[in-house]
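Have a look at the structure below before the remarks.
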Amino acid sequence: MFQALANPQRFMDFSRWAAPLVGIIAAILIAIGLWLTFTVPEDYQQGDTVRMMFIHVPAAYMAMFCYACLGGASFMGLVFRHSLADAAGRACAPLGAGFTFLALVTGSLWGRPMWGTWWVWDARMTSVLVLFLLYIGYMALQAAIDDEVKAARAASILALVGLINLPIIKFSVDWWNTLHQPASVFRAGGPTMPPAYLWPLALMAIGYMALFGSLWMVRVRSEVWRKRANSLALQAAG
Amino acid sequence: MLDLDPGKYGAFLWPAFAISALVIGWMVVDSLLSARRWRKEAQRLETLRSNALQSETGDRSLP
């Protein structure tokens with residue numbers, strides 16, 4: 001499937017109907033998830049702030065997932081020179097930066113009433129901040145170099161180096177002492193969370209994932225058109 | 001039953017949801033506007049090129 005969609009024309013044909021369809025699925029899932037967010041009971045310890053979990057945790061998942069996609073696209077671009085790989089990476093970066101920003105801000109707003117502080121320089125929070133800076137660095141590098149091929153190559157190398165940060169984020173709560181709670185969903189032995197909280201969390205997480213999928217396809221389409229327009233403008237000028 | 005009264009935590013909860021809505025809204029609008037802009041630009045240049053090709057072949061076919 002990836003091989004088939006690496007062809008720009010096939011990707012454009014596929015994404016023409018897939019992007020709006022996945023976007024509608026995302027809107028439905030997020031709407032149901034939000035409704036459940038405000039119907040679940042208060043947590044006995046955290047009170048109403050537990051509702052923050054349904055927007056914070058999916059944003060944090062997506063921050064890491066987008067970066068994994070960015071790393072994958074960068075690898076494909078550098079090694080296999082797929083024509084769409086660079087466009088796929090460029091499309092991932094602003095979305096990933098948006099989700100990472102949300103994870104940081106909502107985490108801070110959740111931390112203040114629960115931990116008594118907006119921010120601490122512990123391993124989890126610092127590594128997520130580094131992830132945000134990696135996204136910004138990737139976009140800045142793409143924008144700073146005029147030659148698009150050289151820019152894509154430099155940004156891809158940065159993205160691949162930054163992949164080392166993903167396991168650090170995931171396991172930081174196990175490797176170091178931190179205010180942040182350990183994993184409670186994706187862990188050996190299954191989730192520790194009650195089903196009343198797990199369902200809205202799952203719906204919001206899948207909804208955010210579908211939203212990313214839809215917007216990613218829209219942004220890759222935009223990149224294909226941008227390259228087409230640039231190539232036509234060059235032909236007209238030459 | 002909807003519970004929209006977070007009590008003393010409202011000052012933290014509502015800004016978190018508002019910022020999430022703003023950022024997600026920005027991601028949607030920016031993606032759609034960017035795609036629309038480049039699609040129109042590519043179509044405009046495509047039309048210009050085909051018009052130029054047509055006028056070129058038309059000139060050649062003149063007696």
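By convention here, the chains of the structure tokens are called A, B, ... in the order presented, each chain's residues are numbered starting at 1, and ligands are numbered starting at 1 in the order presented.
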Starting from chain B, keep only residues with some atom at most 9 Å from an atom of chain A, counting only C-alpha atoms, and report them as a ChimeraX atom specification. /B:1-13,15-17,19-20,23-24,26-28,31-32,34-46,48-49
Report as JSON, numbers by chain all protein, DNA and RNA residues lying within 10 Å of stretch 67-84 of chain A, evaluated on only C-alpha atoms, omitting residues in the same chain fewer than 2 positions from it. {"A": [3, 5, 6, 7, 8, 11, 62, 63, 64, 65, 86, 87, 88, 89, 90, 91, 92, 93, 95, 96, 97, 100, 131, 132, 134, 135, 138, 152, 153, 154, 155, 156, 157, 158, 159, 160, 161, 162, 163, 165, 166, 220, 221, 223, 224]}
Tell me, as number ranges by chain, which residues lie within 9 Å of A:Ile206, counting only C-alpha atoms; anything in the same chain fewer than 5 positions away does not count. A: 26, 29-30, 58, 201, 211
